[in-house]
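Everything below belongs to data.pdb, which stores PDB, C-alpha atoms (C1' of nucleotides).
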```pdb
ATOM      1  CA  MET A  69    -113.781  16.382 -93.704
ATOM      2  CA  LYS A  70    -111.742  15.827 -90.594
ATOM      3  CA  PRO A  71    -108.030  15.672 -91.327
ATOM      4  CA  GLU A  72    -107.007  14.407 -87.924
ATOM      5  CA  THR A  73    -103.873  13.034 -89.479
ATOM      6  CA  LEU A  74    -100.753  15.145 -89.262
ATOM      7  CA  SER A  75    -100.684  16.155 -92.875
ATOM      8  CA  PHE A  76     -99.167  19.114 -94.638
ATOM      9  CA  PHE A  77    -102.461  20.813 -94.133
ATOM     10  CA  GLU A  78    -102.368  20.603 -90.354
ATOM     11  CA  LYS A  79     -98.775  21.716 -90.177
ATOM     12  CA  VAL A  80     -99.597  24.851 -92.106
ATOM     13  CA  TYR A  81    -102.270  25.759 -89.578
ATOM     14  CA  GLU A  82     -99.870  25.265 -86.703
ATOM     15  CA  VAL A  83     -97.255  27.544 -88.231
ATOM     16  CA  ALA A  84     -99.836  30.149 -89.227
ATOM     17  CA  LYS A  85    -101.125  30.241 -85.662
ATOM     18  CA  GLN A  86     -97.587  30.852 -84.447
ATOM     19  CA  ILE A  87     -97.228  33.974 -86.544
ATOM     20  CA  PRO A  88     -96.559  36.915 -84.191
ATOM     21  CA  MET A  89     -98.879  39.892 -84.308
ATOM     22  CA  GLY A  90     -97.843  42.745 -86.542
ATOM     23  CA  ARG A  91     -95.905  40.351 -88.746
ATOM     24  CA  VAL A  92     -96.673  38.680 -92.055
ATOM     25  CA  THR A  93     -95.239  35.670 -93.808
ATOM     26  CA  SER A  94     -95.405  34.126 -97.239
ATOM     27  CA  TYR A  95     -96.741  30.794 -98.449
ATOM     28  CA  GLY A  96     -93.348  29.750 -99.739
ATOM     29  CA  ALA A  97     -91.736  30.532 -96.386
ATOM     30  CA  ILE A  98     -94.104  28.201 -94.567
ATOM     31  CA  ALA A  99     -93.802  25.562 -97.241
ATOM     32  CA  LYS A 100     -90.039  25.734 -97.102
ATOM     33  CA  TYR A 101     -90.079  25.528 -93.330
ATOM     34  CA  LEU A 102     -92.129  22.354 -93.588
ATOM     35  CA  GLY A 103     -89.677  20.988 -96.093
ATOM     36  CA  ALA A 104     -91.853  21.394 -99.171
ATOM     37  CA  THR A 105     -90.474  24.355-101.020
ATOM     38  CA  LYS A 106     -92.540  23.538-104.081
ATOM     39  CA  SER A 107     -95.721  22.980-102.123
ATOM     40  CA  ALA A 108     -96.388  26.661-101.644
ATOM     41  CA  ARG A 109     -99.588  26.138-103.595
ATOM     42  CA  MET A 110    -100.797  23.716-101.004
ATOM     43  CA  VAL A 111    -100.247  26.273 -98.259
ATOM     44  CA  GLY A 112    -102.537  28.741 -99.962
ATOM     45  CA  TYR A 113    -105.190  26.128-100.423
ATOM     46  CA  ALA A 114    -104.920  25.212 -96.772
ATOM     47  CA  MET A 115    -105.846  28.776 -95.945
ATOM     48  CA  ASN A 116    -109.110  28.099 -97.706
ATOM     49  CA  GLY A 117    -110.239  26.032 -94.760
ATOM     50  CA  SER A 118    -108.437  28.250 -92.279
ATOM     51  CA  THR A 119    -110.945  31.049 -92.910
ATOM     52  CA  GLY A 120    -113.227  30.514 -89.957
ATOM     53  CA  LYS A 121    -110.671  28.844 -87.716
ATOM     54  CA  GLU A 122    -108.139  30.367 -85.349
ATOM     55  CA  VAL A 123    -105.638  30.697 -88.145
ATOM     56  CA  PRO A 124    -104.766  34.314 -88.981
ATOM     57  CA  ALA A 125    -104.885  33.847 -92.728
ATOM     58  CA  HIS A 126    -104.787  37.599 -93.131
ATOM     59  CA  ARG A 127    -101.181  37.473 -91.920
ATOM     60  CA  VAL A 128    -100.248  35.202 -94.769
ATOM     61  CA  VAL A 129     -99.530  36.806 -98.114
ATOM     62  CA  ASN A 130     -97.665  35.884-101.253
ATOM     63  CA  ARG A 131     -93.997  36.515-101.955
ATOM     64  CA  LEU A 132     -94.779  39.946-103.353
ATOM     65  CA  GLY A 133     -96.675  40.969-100.225
ATOM     66  CA  LEU A 134     -99.952  41.072-102.120
ATOM     67  CA  LEU A 135    -103.127  40.131-100.254
ATOM     68  CA  THR A 136    -104.026  37.564-102.867
ATOM     69  CA  GLY A 137    -106.430  35.826-100.521
ATOM     70  CA  LYS A 138    -108.300  38.972 -99.683
ATOM     71  CA  PHE A 139    -110.915  38.092-102.272
ATOM     72  CA  HIS A 140    -111.672  34.964-100.295
ATOM     73  CA  PHE A 141    -112.458  36.917 -97.165
ATOM     74  CA  GLU A 142    -115.851  38.177 -96.137
ATOM     75  CA  GLY A 143    -115.749  41.816 -97.126
ATOM     76  CA  SER A 144    -113.409  43.459 -99.579
ATOM     77  CA  ASN A 145    -110.869  45.277 -97.433
ATOM     78  CA  HIS A 146    -111.492  43.242 -94.311
ATOM     79  CA  MET A 147    -108.102  41.600 -94.614
ATOM     80  CA  GLN A 148    -106.401  44.929 -95.051
ATOM     81  CA  GLN A 149    -108.160  46.364 -92.020
ATOM     82  CA  LEU A 150    -106.982  43.475 -89.865
ATOM     83  CA  LEU A 151    -103.364  43.964 -90.866
ATOM     84  CA  GLU A 152    -103.467  47.701 -90.330
ATOM     85  CA  SER A 153    -105.115  47.088 -86.987
ATOM     86  CA  GLU A 154    -102.076  45.062 -85.994
ATOM     87  CA  GLY A 155     -99.653  47.694 -87.147
ATOM     88  CA  VAL A 156     -98.953  46.435 -90.652
ATOM     89  CA  SER A 157     -99.121  49.133 -93.300
ATOM     90  CA  VAL A 158    -101.154  47.973 -96.257
ATOM     91  CA  LYS A 159    -101.761  49.906 -99.436
ATOM     92  CA  ASP A 160    -104.073  48.697-102.162
ATOM     93  CA  ASN A 161    -103.858  45.027-101.250
ATOM     94  CA  GLN A 162    -100.110  45.403-100.927
ATOM     95  CA  VAL A 163     -98.100  45.207 -97.718
ATOM     96  CA  GLN A 164     -95.777  48.155 -97.189
ATOM     97  CA  ASP A 165     -92.322  47.462 -95.754
ATOM     98  CA  PHE A 166     -92.899  43.826 -96.457
ATOM     99  CA  GLU A 167     -89.256  43.055 -95.738
ATOM    100  CA  THR A 168     -89.628  44.714 -92.328
ATOM    101  CA  VAL A 169     -92.801  42.962 -91.206
ATOM    102  CA  PHE A 170     -91.813  39.755 -92.937
ATOM    103  CA  TRP A 171     -91.678  36.846 -90.507
ATOM    104  CA  ASP A 172     -89.621  33.861 -91.555
ATOM    105  CA  PRO A 173     -90.557  30.687 -89.607
ATOM    106  CA  SER A 174     -87.367  28.993 -90.697
ATOM    107  CA  ALA A 175     -85.400  31.870 -89.154
ATOM    108  CA  GLU A 176     -87.568  32.767 -86.175
ATOM    109  CA  LEU A 177     -88.613  29.257 -85.209
TER     110      LEU A 177
ATOM    111  C1'  DT B 156    -112.908   6.435-109.706
ATOM    112  C1'  DC B 157    -110.496   9.712-112.656
ATOM    113  C1'  DA B 158    -109.440  14.350-113.954
ATOM    114  C1'  DA B 159    -108.910  19.218-113.147
ATOM    115  C1'  DT B 160    -108.202  23.141-110.267
ATOM    116  C1'  DG B 161    -106.173  26.122-106.657
ATOM    117  C1'  DA B 162    -104.964  32.351-101.513
ATOM    118  C1'  DC B 163     -97.968  29.832-105.031
ATOM    119  C1'  DC B 164     -92.912  29.380-105.686
ATOM    120  C1'  DT B 165     -88.560  27.681-107.799
ATOM    121  C1'  DG B 166     -85.779  26.333-111.520
ATOM    122  C1'  DC B 167     -84.505  26.087-116.297
ATOM    123  C1'  DC B 168     -84.221  27.914-121.266
TER     124       DC B 168
ATOM    125  C1'  DG C  70     -81.916  39.454-117.528
ATOM    126  C1'  DG C  71     -86.664  37.955-118.800
ATOM    127  C1'  DG C  72     -90.164  34.480-119.820
ATOM    128  C1'  DC C  73     -92.188  29.817-119.494
ATOM    129  C1'  DA C  74     -93.380  25.491-117.447
ATOM    130  C1'  DG C  75     -93.356  22.156-113.745
ATOM    131  C1'  DG C  76     -94.487  20.538-109.125
ATOM    132  C1'  DC C  77     -96.565  19.878-104.659
ATOM    133  C1'  DC C  78    -101.119  17.900-101.791
ATOM    134  C1'  DA C  79    -105.873  18.166-101.086
ATOM    135  C1'  DT C  80    -110.624  19.178-102.472
ATOM    136  C1'  DT C  81    -114.367  19.354-105.875
ATOM    137  C1'  DG C  82    -116.967  17.977-110.196
TER     138       DG C  82
END
```

What would you get if you wrote out this structure as structure tokens?
Amino acid sequence: MKPETLSFFEKVYEVAKQIPMGRVTSYGAIAKYLGATKSARMVGYAMNGSTGKEVPAHRVVNRLGLLTGKFHFEGSNHMQQLLESEGVSVKDNQVQDFETVFWDPSAEL
DNA sequence: TCAATGACCTGCC
DNA sequence: GGGCAGGCCATTG
């Protein structure tokens, strides 16, 4: 219950924490940045434990810009509220102008 | 201990 | 061009 080892899990948290405000990224983007393009699934699962940490999981969405993990949050539209509060337009669990607010770690970092 | 699942994405038919 | 299946790592039963 204490992954002190530098595993894929930990790396995901580090990248997620580095996500600039008002920007969103996708699981595949982080996975690809880490070198595991096919481990996008893992990234999403990592967010499971991120809920409650300093990791802005609400800034991480799927490739389509859908707030797939919103159901895992406390309330129902809590995730959407957070994004809108940062300046990200969200409509019905879907990020508007996803290409504009999209933050690619492999390109930015 | 073994097996199955999970906030997904890419590649092949 | 569209649909299907595989794969990754970790956690839970």

Subject >> Residue nearest DC77 in chain C - candidates A:Lys79, A:Arg91, A:Lys106, A:Lys85, atoms counted: all atoms listed in the file >> reply: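 Comparing A:Lys79, A:Arg91, A:Lys106, A:Lys85 against DC77 in chain C, the winner is A:Lys106.
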
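Residues selected in this file by the PyMOL selection byres ((chain C) within 10 of (chain A)) comprise DG75, DG76, DC77, DC78, DA79 and DT80 of chain C.
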
Subject >> CA of Leu177 in chain A to CA of Thr93 in chain A, straight-line distance in Å >> reply: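 Between these atoms lies a distance of 12.6 Å.
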
Within 12 Å of chain B, which residues of chain A show up? Give each one with its shortest atom-to-atom distance in Å (one decimal) and the two atoms involved, counting only C-alpha atoms (C1' of nucleotides), rows by chain then rising residue number, as a Markdown table.
```
| residue | atom | partner | partner_atom | distance |
| --- | --- | --- | --- | --- |
| A:Ser94 | CA | B:DC163 | C1' | 9.3 |
| A:Tyr95 | CA | B:DC163 | C1' | 6.8 |
| A:Gly96 | CA | B:DC164 | C1' | 6.0 |
| A:Ala97 | CA | B:DC164 | C1' | 9.4 |
| A:Ile98 | CA | B:DC164 | C1' | 11.2 |
| A:Ala99 | CA | B:DC164 | C1' | 9.3 |
| A:Lys100 | CA | B:DC164 | C1' | 9.8 |
| A:Ala104 | CA | B:DC164 | C1' | 10.4 |
| A:Thr105 | CA | B:DC164 | C1' | 7.3 |
| A:Lys106 | CA | B:DC164 | C1' | 6.1 |
| A:Ser107 | CA | B:DC163 | C1' | 7.8 |
| A:Ala108 | CA | B:DC163 | C1' | 4.9 |
| A:Arg109 | CA | B:DC163 | C1' | 4.3 |
| A:Met110 | CA | B:DC163 | C1' | 7.9 |
| A:Val111 | CA | B:DC163 | C1' | 8.0 |
| A:Gly112 | CA | B:DA162 | C1' | 4.6 |
| A:Tyr113 | CA | B:DG161 | C1' | 6.3 |
| A:Ala114 | CA | B:DA162 | C1' | 8.6 |
| A:Met115 | CA | B:DA162 | C1' | 6.7 |
| A:Asn116 | CA | B:DA162 | C1' | 7.1 |
| A:Gly117 | CA | B:DA162 | C1' | 10.6 |
| A:Ser118 | CA | B:DA162 | C1' | 10.7 |
| A:Thr119 | CA | B:DA162 | C1' | 10.6 |
| A:Ala125 | CA | B:DA162 | C1' | 8.9 |
| A:His126 | CA | B:DA162 | C1' | 9.9 |
| A:Arg127 | CA | B:DA162 | C1' | 11.5 |
| A:Val128 | CA | B:DA162 | C1' | 8.7 |
| A:Val129 | CA | B:DA162 | C1' | 7.8 |
| A:Asn130 | CA | B:DC163 | C1' | 7.1 |
| A:Arg131 | CA | B:DC164 | C1' | 8.1 |
| A:Leu132 | CA | B:DC163 | C1' | 10.7 |
| A:Leu134 | CA | B:DA162 | C1' | 10.1 |
| A:Leu135 | CA | B:DA162 | C1' | 8.1 |
| A:Thr136 | CA | B:DA162 | C1' | 5.5 |
| A:Gly137 | CA | B:DA162 | C1' | 3.9 |
| A:Lys138 | CA | B:DA162 | C1' | 7.6 |
| A:Phe139 | CA | B:DA162 | C1' | 8.3 |
| A:His140 | CA | B:DA162 | C1' | 7.3 |
| A:Phe141 | CA | B:DA162 | C1' | 9.8 |
| A:Met147 | CA | B:DA162 | C1' | 12.0 |
```

Can you tell me, as AutoDock Vina command-line options, the centre and edge lengths (Å, one decimal) of the axis-aligned box enclosing all of chain B's listed atoms after padding each side by 6 Å?
```
--center_x -98.6 --center_y 19.4 --center_z -111.4 --size_x 40.7 --size_y 37.9 --size_z 31.8
```

Original post:
Pick from A:Pro124, A:Gly143, A:Gly133, A:Pro173: nearest to Val158 in chain A, with only C-alpha atoms counted?
Top reply: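 Of all the options, A:Gly133 lies closest to Val158 in chain A.
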
**OP:** Would you kindly translate the PyMOL selection byres ((chain A and resi 155) around 12) into the concrete residues it picks from this file, as a PyMOL selection string?
**Re:** chain A and resi 88-92+127+148-154+156-158+163-165+168-169
